[in-house]
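S.K.: Okay, so here is coords.csv, and as you'll see once you scroll down, it has CSV, C-alpha atoms.
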chain,number,residue,atom,x,y,z
A,1,MET,CA,0.0,0.0,0.0
A,2,LYS,CA,1.2,3.5,-0.8
A,3,PRO,CA,2.6,5.2,2.3
A,4,ASN,CA,0.3,8.0,3.6
A,5,ILE,CA,1.6,10.4,6.2
A,6,PHE,CA,-1.9,10.9,7.7
A,7,SER,CA,-2.3,7.1,8.2
A,8,ILE,CA,0.8,7.3,10.3
A,9,ALA,CA,0.3,10.7,11.9
A,10,THR,CA,-3.3,10.0,13.1
A,11,LYS,CA,-3.4,12.4,16.1
A,12,GLU,CA,-5.7,15.4,16.1
A,13,LEU,CA,-2.7,17.7,16.4
A,14,HIS,CA,-1.6,16.6,12.9
A,15,GLN,CA,-5.0,17.2,11.5
A,16,ASP,CA,-5.2,20.6,13.2
A,17,ALA,CA,-2.0,21.5,11.4
A,18,PHE,CA,-3.5,20.5,8.0
A,19,ILE,CA,-6.7,22.4,8.6
A,20,ALA,CA,-4.8,25.6,9.6
A,21,TRP,CA,-2.5,25.1,6.6
A,22,LEU,CA,-5.5,24.8,4.2
A,23,LEU,CA,-7.2,27.8,5.7
A,24,GLN,CA,-4.1,29.9,5.2
A,25,TRP,CA,-4.1,29.1,1.5
A,26,ALA,CA,-7.5,30.9,1.2
A,27,ASP,CA,-5.7,34.3,1.7
A,28,PRO,CA,-5.7,36.0,-1.7
A,29,ASP,CA,-2.0,36.8,-1.5
A,30,ASN,CA,-1.3,33.0,-1.7
A,31,TRP,CA,-2.9,32.7,-5.2
A,32,GLN,CA,0.4,33.4,-6.8
A,33,TYR,CA,2.1,30.4,-5.2
A,34,ASP,CA,-0.5,27.7,-6.1
A,35,GLU,CA,-3.8,28.6,-7.7
A,36,ASP,CA,-5.5,25.2,-7.0
A,37,LEU,CA,-4.6,25.2,-3.3
A,38,HIS,CA,-5.8,28.7,-3.0
A,39,ASN,CA,-9.1,27.8,-4.7
A,40,ILE,CA,-9.6,24.8,-2.4
A,41,GLY,CA,-8.7,26.9,0.7
A,42,THR,CA,-11.2,29.5,-0.4
A,43,GLN,CA,-14.0,27.0,-0.9
A,44,PHE,CA,-13.2,25.5,2.5
A,45,VAL,CA,-13.5,28.9,4.2
A,46,MET,CA,-16.7,29.7,2.4
A,47,ALA,CA,-18.2,26.3,3.4
A,48,LEU,CA,-17.4,27.0,7.0
A,49,LEU,CA,-18.8,30.5,6.9
A,50,MET,CA,-22.0,29.2,5.3
A,51,LYS,CA,-22.6,27.0,8.3
A,52,ASN,CA,-23.4,30.1,10.4
A,53,HIS,CA,-23.8,33.0,8.0
A,54,ASP,CA,-25.2,34.1,4.7
A,55,SER,CA,-22.1,34.0,2.5
A,56,SER,CA,-23.8,35.0,-0.8
A,57,ASP,CA,-21.8,37.6,-2.7
A,58,LEU,CA,-19.1,37.3,-0.1
A,59,LYS,CA,-15.5,38.2,-1.2
A,60,ILE,CA,-12.5,37.2,0.9
A,61,ILE,CA,-10.0,40.0,1.4
A,62,LYS,CA,-7.7,38.6,4.0
A,63,VAL,CA,-7.3,35.3,6.0
A,64,ARG,CA,-5.2,34.8,9.1
A,65,ALA,CA,-5.3,31.3,10.5
A,66,GLY,CA,-3.5,29.4,13.3
A,67,ARG,CA,-3.7,27.0,16.1
A,68,GLN,CA,-4.1,27.0,19.9
A,69,TRP,CA,-5.4,30.5,20.5
A,70,GLU,CA,-7.2,30.3,23.9
A,71,ASN,CA,-6.7,26.5,23.7
A,72,ILE,CA,-8.9,26.4,20.6
A,73,ASP,CA,-7.7,23.8,18.1
A,74,VAL,CA,-7.9,26.0,15.0
A,75,TYR,CA,-9.1,29.5,14.3
A,76,ALA,CA,-9.3,31.8,11.3
A,77,GLU,CA,-9.8,35.6,11.1
A,78,VAL,CA,-11.5,36.4,7.8
A,79,ASP,CA,-11.8,39.9,6.4
A,80,THR,CA,-14.4,40.2,3.7
A,81,ASN,CA,-16.3,42.8,1.7
A,82,LYS,CA,-19.1,42.4,4.2
A,83,GLY,CA,-17.1,42.7,7.4
A,84,LYS,CA,-14.9,40.6,9.7
A,85,TYR,CA,-15.5,37.0,10.8
A,86,LEU,CA,-13.9,34.7,13.3
A,87,ILE,CA,-14.1,31.0,12.7
A,88,VAL,CA,-13.5,28.8,15.8
A,89,ILE,CA,-12.9,25.1,14.9
A,90,GLU,CA,-13.0,22.2,17.4
A,91,ASP,CA,-11.3,19.5,15.4
A,92,LYS,CA,-12.1,15.8,16.3
A,93,THR,CA,-11.0,12.6,14.7
A,94,PHE,CA,-12.4,9.7,16.8
A,95,THR,CA,-12.6,11.4,20.2
A,96,LYS,CA,-15.5,13.3,21.6
A,97,GLU,CA,-15.8,16.7,23.3
A,98,ARG,CA,-14.8,17.2,26.9
A,99,ILE,CA,-17.1,18.6,29.4
A,100,GLY,CA,-17.3,22.4,29.2
A,101,GLN,CA,-14.9,22.6,26.3
A,102,LEU,CA,-17.2,24.0,23.6
A,103,GLU,CA,-18.8,26.5,26.0
A,104,ARG,CA,-15.4,27.9,26.9
A,105,TYR,CA,-14.3,28.2,23.3
A,106,ARG,CA,-17.5,29.9,22.2
A,107,LYS,CA,-17.2,32.4,25.1
A,108,SER,CA,-13.6,33.3,24.0
A,109,GLY,CA,-14.8,33.7,20.5
A,110,GLU,CA,-17.7,35.9,21.5
A,111,LYS,CA,-15.4,38.2,23.6
A,112,TRP,CA,-13.0,38.6,20.7
A,113,CYS,CA,-15.8,39.4,18.2
A,114,GLU,CA,-17.2,42.0,20.5
A,115,GLN,CA,-13.8,43.7,20.8
A,116,ASN,CA,-13.1,43.5,17.1
A,117,ASN,CA,-16.6,44.2,15.7
A,118,ALA,CA,-16.6,40.7,14.1
A,119,SER,CA,-19.2,37.9,13.6
A,120,LEU,CA,-18.5,34.5,15.1
A,121,GLY,CA,-18.9,31.1,13.5
A,122,CYS,CA,-18.2,27.9,15.6
A,123,ILE,CA,-17.5,24.7,13.8
A,124,TYR,CA,-17.3,21.1,15.1
A,125,LEU,CA,-15.1,19.4,12.5
A,126,LYS,CA,-15.4,15.6,12.7
A,127,THR,CA,-13.5,13.3,10.3
A,128,GLY,CA,-14.4,10.2,12.4
A,129,SER,CA,-18.1,9.4,13.1
A,130,GLU,CA,-20.5,10.4,15.7
A,131,SER,CA,-24.2,9.7,16.2
A,132,GLN,CA,-26.9,12.2,15.1
A,133,LYS,CA,-28.1,12.5,18.7
A,134,ARG,CA,-24.7,13.6,19.9
A,135,LEU,CA,-24.3,16.0,17.0
A,136,GLY,CA,-27.6,17.5,18.0
A,137,MET,CA,-26.2,18.2,21.4
A,138,ILE,CA,-23.2,19.9,19.7
A,139,ARG,CA,-25.5,22.1,17.7
A,140,HIS,CA,-27.4,23.0,20.9
A,141,LYS,CA,-24.0,24.4,22.2
A,142,GLY,CA,-23.7,26.7,19.3
A,143,PHE,CA,-21.3,24.6,17.1
A,144,GLN,CA,-22.2,23.5,13.6
A,145,PRO,CA,-20.9,20.0,12.6
A,146,PHE,CA,-18.8,19.7,9.5
A,147,ASN,CA,-18.4,16.1,8.6
A,148,ARG,CA,-16.1,13.8,6.7
A,149,LYS,CA,-18.3,13.7,3.6
A,150,GLU,CA,-18.5,17.5,3.4
A,151,PHE,CA,-14.7,17.7,3.6
A,152,ILE,CA,-14.2,15.0,0.9
A,153,GLU,CA,-16.6,16.9,-1.4
A,154,ILE,CA,-14.4,20.1,-1.2
A,155,LEU,CA,-11.1,18.2,-1.6
A,156,ASN,CA,-12.5,16.4,-4.7
A,157,HIS,CA,-13.7,19.6,-6.3
A,158,PHE,CA,-10.3,20.6,-7.7
A,159,PRO,CA,-8.1,17.9,-9.3
A,160,VAL,CA,-4.9,18.8,-7.4
A,161,GLU,CA,-2.3,16.2,-8.2
A,162,GLY,CA,1.0,17.9,-7.5
A,163,ASN,CA,0.8,18.4,-3.7
A,164,ASN,CA,1.4,15.3,-1.6
A,165,ILE,CA,0.2,16.8,1.6
A,166,LEU,CA,-3.3,17.5,0.2
A,167,ILE,CA,-3.4,14.2,-1.7
A,168,ASP,CA,-2.5,12.2,1.3
A,169,PHE,CA,-5.1,13.9,3.5
A,170,ARG,CA,-7.8,13.4,0.8
A,171,GLU,CA,-6.9,9.7,0.4
A,172,ARG,CA,-7.0,9.2,4.1
A,173,LEU,CA,-10.5,10.6,4.3
A,174,HIS,CA,-11.5,8.3,1.4
A,175,GLN,CA,-10.0,5.3,3.2
A,176,LEU,CA,-12.1,6.2,6.3
A,177,GLN,CA,-15.3,6.6,4.3
A,178,LYS,CA,-14.6,3.3,2.4
A,179,ALA,CA,-14.1,1.5,5.7
A,180,HIS,CA,-17.5,2.7,7.0
A,181,ASP,CA,-19.3,1.9,3.7
A,182,ALA,CA,-17.8,-1.6,3.7
A,183,PHE,CA,-20.7,-3.1,5.6
A,184,GLU,CA,-22.5,-3.3,2.2
A,185,SER,CA,-19.8,-5.3,0.4
A,186,THR,CA,-18.4,-7.4,3.3
A,187,ILE,CA,-19.9,-10.7,4.5
A,188,ILE,CA,-21.6,-10.2,7.8
A,189,GLY,CA,-19.3,-12.6,9.6
A,190,LYS,CA,-16.3,-10.4,8.7
A,191,TRP,CA,-17.7,-7.0,9.8
A,192,ASN,CA,-15.3,-4.9,11.9
A,193,ASP,CA,-16.0,-1.9,14.1
A,194,ALA,CA,-16.1,0.5,11.1
A,195,CYS,CA,-18.6,-1.7,9.3
A,196,TRP,CA,-20.9,-1.6,12.4
A,197,ILE,CA,-20.6,2.1,12.6
A,198,GLY,CA,-21.4,2.5,8.9
A,199,PHE,CA,-24.4,0.2,9.4
A,200,TYR,CA,-25.7,2.2,12.4
A,201,GLN,CA,-25.4,5.4,10.3
A,202,PHE,CA,-27.4,3.7,7.6
A,203,LEU,CA,-30.1,2.9,10.3
A,204,GLU,CA,-30.0,6.6,11.4
A,205,ASP,CA,-30.8,7.7,7.8
A,206,ASN,CA,-33.4,5.0,6.9
A,207,LEU,CA,-35.0,3.7,10.2
A,208,GLY,CA,-34.6,6.4,12.7
A,209,ILE,CA,-32.8,5.3,15.9
A,210,THR,CA,-32.2,6.9,19.3
A,211,ASP,CA,-28.5,6.7,19.6
A,212,TRP,CA,-25.4,4.6,18.9
A,213,HIS,CA,-22.0,4.6,20.7
A,214,LEU,CA,-19.2,2.4,22.1
A,215,VAL,CA,-20.0,0.5,25.3
A,216,ASN,CA,-17.2,-0.4,27.7
A,217,PRO,CA,-18.8,-2.9,30.2
A,218,PRO,CA,-16.8,-3.4,33.5
A,219,GLY,CA,-14.8,-6.6,33.2
A,220,GLY,CA,-16.2,-7.3,29.7
A,221,GLU,CA,-15.3,-6.7,26.1
A,222,SER,CA,-16.2,-3.4,24.5
A,223,PHE,CA,-18.8,-3.3,21.7
A,224,TRP,CA,-20.6,-0.8,19.5
A,225,ASN,CA,-24.3,-0.7,20.3
A,226,ALA,CA,-27.3,1.0,18.8
A,227,VAL,CA,-30.5,1.9,20.7
A,228,LEU,CA,-33.4,1.7,18.3
A,229,ASN,CA,-36.0,3.2,20.6
A,230,TRP,CA,-36.7,4.3,24.2
A,231,ARG,CA,-40.2,3.8,25.5
A,232,ASP,CA,-42.0,3.6,28.9
A,233,TRP,CA,-43.8,0.5,30.2
A,234,HIS,CA,-45.7,1.4,33.3
A,235,GLY,CA,-42.8,3.5,34.7
A,236,PHE,CA,-39.9,1.4,33.4
A,237,PRO,CA,-37.7,2.4,30.4
A,238,VAL,CA,-37.9,-0.4,27.8
A,239,TYR,CA,-36.0,-0.5,24.5
A,240,LEU,CA,-34.4,-2.5,21.7
A,241,GLN,CA,-30.6,-2.5,21.4
A,242,ILE,CA,-28.2,-4.0,18.9
A,243,GLU,CA,-25.1,-5.2,20.6
A,244,GLN,CA,-22.8,-5.5,17.6
A,245,GLY,CA,-24.7,-8.7,16.7
A,246,LYS,CA,-27.6,-9.7,19.0
A,247,LEU,CA,-30.8,-7.7,19.0
A,248,CYS,CA,-31.8,-7.3,22.7
A,249,PHE,CA,-35.0,-6.5,24.4
A,250,LYS,CA,-33.9,-4.4,27.4
A,251,ILE,CA,-35.4,-2.8,30.6
A,252,SER,CA,-33.9,-0.4,33.1
A,253,HIS,CA,-34.8,0.7,36.6
A,254,LEU,CA,-32.7,3.9,36.6
A,255,ASP,CA,-35.3,6.4,35.3
A,256,SER,CA,-38.1,4.7,37.2
A,257,ASP,CA,-39.5,6.1,40.5
A,258,ILE,CA,-41.1,2.7,41.3
A,259,GLU,CA,-39.4,1.0,44.2
A,260,ASP,CA,-41.7,-2.0,44.8
A,261,TYR,CA,-39.6,-4.4,42.7
A,262,THR,CA,-36.1,-5.8,42.8
A,263,LYS,CA,-33.9,-5.7,39.7
A,264,SER,CA,-34.5,-9.4,39.1
A,265,GLU,CA,-38.2,-9.0,39.5
A,266,ILE,CA,-38.2,-6.1,37.0
A,267,ARG,CA,-36.3,-8.2,34.5
A,268,ASN,CA,-38.5,-11.2,34.9
A,269,LEU,CA,-41.6,-9.1,34.5
A,270,TRP,CA,-40.5,-7.8,31.1
A,271,HIS,CA,-39.2,-11.2,30.0
A,272,ASP,CA,-42.6,-12.8,30.8
A,273,VAL,CA,-44.5,-10.1,29.0
A,274,ILE,CA,-42.3,-10.5,25.9
A,275,LYS,CA,-42.6,-14.3,25.7
A,276,LYS,CA,-46.3,-14.5,26.5
A,277,ASN,CA,-47.2,-12.0,23.8
A,278,ALA,CA,-44.9,-13.2,21.0
A,279,GLY,CA,-46.7,-14.7,18.0
A,280,ALA,CA,-45.9,-18.0,16.5
A,281,ALA,CA,-43.1,-16.7,14.3
A,282,ASP,CA,-41.6,-14.6,17.1
A,283,GLU,CA,-41.6,-17.5,19.5
A,284,ARG,CA,-38.9,-19.1,17.3
A,285,THR,CA,-36.7,-16.0,17.1
A,286,ILE,CA,-37.1,-14.3,20.4
A,287,ARG,CA,-35.2,-16.3,23.0
A,288,ARG,CA,-34.1,-16.2,26.5
A,289,PRO,CA,-30.6,-14.8,26.9
A,290,GLU,CA,-27.7,-17.1,27.8
A,291,ARG,CA,-27.8,-15.7,31.3
A,292,PHE,CA,-29.9,-13.1,33.2
A,293,GLY,CA,-28.1,-10.2,34.8
A,294,THR,CA,-29.1,-7.7,37.4
A,295,GLY,CA,-27.4,-4.5,36.2
A,296,ASP,CA,-28.7,-1.1,35.5
A,297,TYR,CA,-29.7,-2.1,31.9
A,298,MET,CA,-30.9,-5.7,31.8
A,299,THR,CA,-31.4,-7.9,28.7
A,300,CYS,CA,-34.6,-9.8,29.0
A,301,ALA,CA,-34.8,-11.5,25.6
A,302,VAL,CA,-32.6,-11.7,22.4
A,303,VAL,CA,-32.9,-12.2,18.7
A,304,HIS,CA,-29.8,-13.8,17.3
A,305,LYS,CA,-27.9,-12.1,14.6
A,306,SER,CA,-28.7,-14.7,12.0
A,307,ASP,CA,-32.5,-14.2,12.6
A,308,TRP,CA,-32.6,-10.5,12.0
A,309,LEU,CA,-29.4,-9.5,10.2
A,310,GLY,CA,-28.4,-12.5,8.1
A,311,SER,CA,-26.0,-15.4,7.9
A,312,GLY,CA,-22.4,-14.8,8.7
A,313,GLU,CA,-21.5,-15.9,5.1
A,314,SER,CA,-23.9,-13.6,3.4
A,315,LEU,CA,-24.0,-10.0,2.4
A,316,ILE,CA,-26.5,-7.7,4.0
A,317,ASN,CA,-29.9,-7.4,2.4
A,318,LYS,CA,-30.7,-3.9,3.6
A,319,THR,CA,-34.4,-4.0,2.6
A,320,LEU,CA,-35.0,-7.2,4.5
A,321,VAL,CA,-33.0,-6.0,7.6
A,322,LEU,CA,-35.1,-2.8,7.8
A,323,GLN,CA,-38.3,-4.9,7.5
A,324,ASN,CA,-37.1,-7.1,10.4
A,325,LEU,CA,-36.2,-4.2,12.6
A,326,ILE,CA,-39.4,-2.4,11.9
A,327,HIS,CA,-41.2,-5.6,12.9
A,328,TYR,CA,-39.5,-6.0,16.2
A,329,LYS,CA,-39.9,-2.3,17.0
A,330,SER,CA,-43.6,-2.6,16.3
A,331,PHE,CA,-43.8,-5.7,18.5
A,332,LEU,CA,-42.2,-3.8,21.4
A,333,GLU,CA,-44.7,-0.9,20.8
A,334,SER,CA,-47.6,-3.4,21.1
A,335,LEU,CA,-46.3,-4.5,24.5
A,336,LEU,CA,-46.6,-1.0,26.0
A,337,LEU,CA,-50.3,-1.6,26.5
A,338,VAL,CA,-49.9,-4.9,28.3
A,339,PRO,CA,-50.5,-4.4,32.1
A,340,ARG,CA,-47.9,-5.4,34.7
A,341,PRO,CA,-48.7,-9.0,35.7
A,342,TYR,CA,-48.4,-8.1,39.4
Let me see the file written as structure tokens.
M.R.:
Amino acid sequence: MKPNIFSIATKELHQDAFIAWLLQWADPDNWQYDEDLHNIGTQFVMALLMKNHDSSDLKIIKVRAGRQWENIDVYAEVDTNKGKYLIVIEDKTFTKERIGQLERYRKSGEKWCEQNNASLGCIYLKTGSESQKRLGMIRHKGFQPFNRKEFIEILNHFPVEGNNILIDFRERLHQLQKAHDAFESTIIGKWNDACWIGFYQFLEDNLGITDWHLVNPPGGESFWNAVLNWRDWHGFPVYLQIEQGKLCFKISHLDSDIEDYTKSEIRNLWHDVIKKNAGAADERTIRRPERFGTGDYMTCAVVHKSDWLGSGESLINKTLVLQNLIHYKSFLESLLLVPRPY
């Protein structure tokens, strides 16, 4: 495989440097050195500005970009024919925001803009993947997500072939996107973490799910899960969860104010309701878990991967899988009307 500097230098600091470098190319004075890089940099700046402002008829006059001002990953001061802008960029590869991080950066940006008569734009640039629920929380904090596909579209727009830095970064993003799309062309038994993430993103777009993220159980092996729904059954949260294979019917006591039951009693209640109300077809596929637990989020019944996703030797049938998941979600919805047995 052709060596790629960004496949070796995978830390966010290295990506920060590339982003600041590309922003600097947007300065009109740099057109004389490389017209293509200047055009890409300009389009990049305009795309970031469009996330927060009306950039129609906007003309860039000056760009000053750098790193680690007020601990902000990347920033850009942009002078235009319509005034001055400050772009604050929180750059993420596969990590997530730290508590209070975005709020501090936004506050620093607002203070600078007030002092310099400028308009602020806050960007959460993510070349890894993150669920739509979590990106919604990012938007709520005043940062607009800018994702891998958007970056790829800009880098593909101009056929730059003479700059290895840009080519390597562009190819690295293509590699990441290809890895996440591989769930469609890889047999199910060979799916890796990236395939599961790509599949969960497919479900976000075509089924609508509550959230997906990495779970690190104490003393157990980590896995990528997807919560398909989150409903209430007589005071107890109940939901369907994909655990990188099994489809699990779950129940929790954490958000319940009912204290008349032990954890095991809660679990057994929901298990009994599921089994007694399953139809003939579901009786075959909805099974008792290998073991019952008494944690905060308890599995009460499972559907094995082969029964809802497909054989380990087959490629995914996306239409059939969506039909299966819609069926199990509908079955859970029907259980919400079932009274507690005792």
S.K.: Just how far from CA of Asn216 in chain A is CA of Ala301 in chain A, in Å to one decimal?
M.R.: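 These atoms are spaced 20.9 Å apart.
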S.K.: Which of these residues is nearest to Leu336 in chain A, using all atoms listed in the file: A:Asn192, A:Asn71, A:Thr294, A:Asn277?
M.R.: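 Of A:Asn192, A:Asn71, A:Thr294, A:Asn277, the one nearest Leu336 in chain A, counting all atoms listed in the file, is A:Asn277.
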S.K.: One decimal, Å: what's the distance from CA of Ser334 in chain A over to CA of Leu240 in chain A, could you say?
M.R.: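 These atoms are spaced 13.2 Å apart.
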S.K.: Fewer than 5 positions away in the same chain doesn't count, so skip those; otherwise give me all residues within 10 Å of Glu171 in chain A, counting all atoms listed in the file, as a list of chain:residue names.
M.R.: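 Skipping anything fewer than 5 positions along the chain leaves A:Asn4, A:Phe6, A:Ser7, A:Ile152, A:Leu155, A:Leu166, A:Leu176, A:Gln177.
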S.K.: Go through A:Asp168, A:Ile72, A:Ile123, A:Phe292 and flag the residue nearest His53 in chain A, using all atoms listed in the file for the distances.
M.R.: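 Nearest candidate to His53 in chain A out of A:Asp168, A:Ile72, A:Ile123, A:Phe292: A:Ile123.
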S.K.: Give as a list in words every residue, naming chains and numbers as the document does, that has an atom within 9 Å of (-18.7, 28.5, 18.5), counting all atoms listed in the file.
M.R.: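 Neighbouring residues, ordered by chain and number, come to Ile87, Val88, Ile89, Glu90, Leu102, Glu103, Tyr105, Arg106, Lys107, Ser108, Gly109, Glu110, Leu120, Gly121, Cys122, Ile123, Tyr124, Lys141, Gly142, Phe143 and Gln144 of chain A.
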S.K.: Which value, in Å to one decimal, gives the distance between CA of Leu320 in chain A and CA of Phe223 in chain A?
M.R.: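 Distance reported for this atom pair: 23.9 Å.
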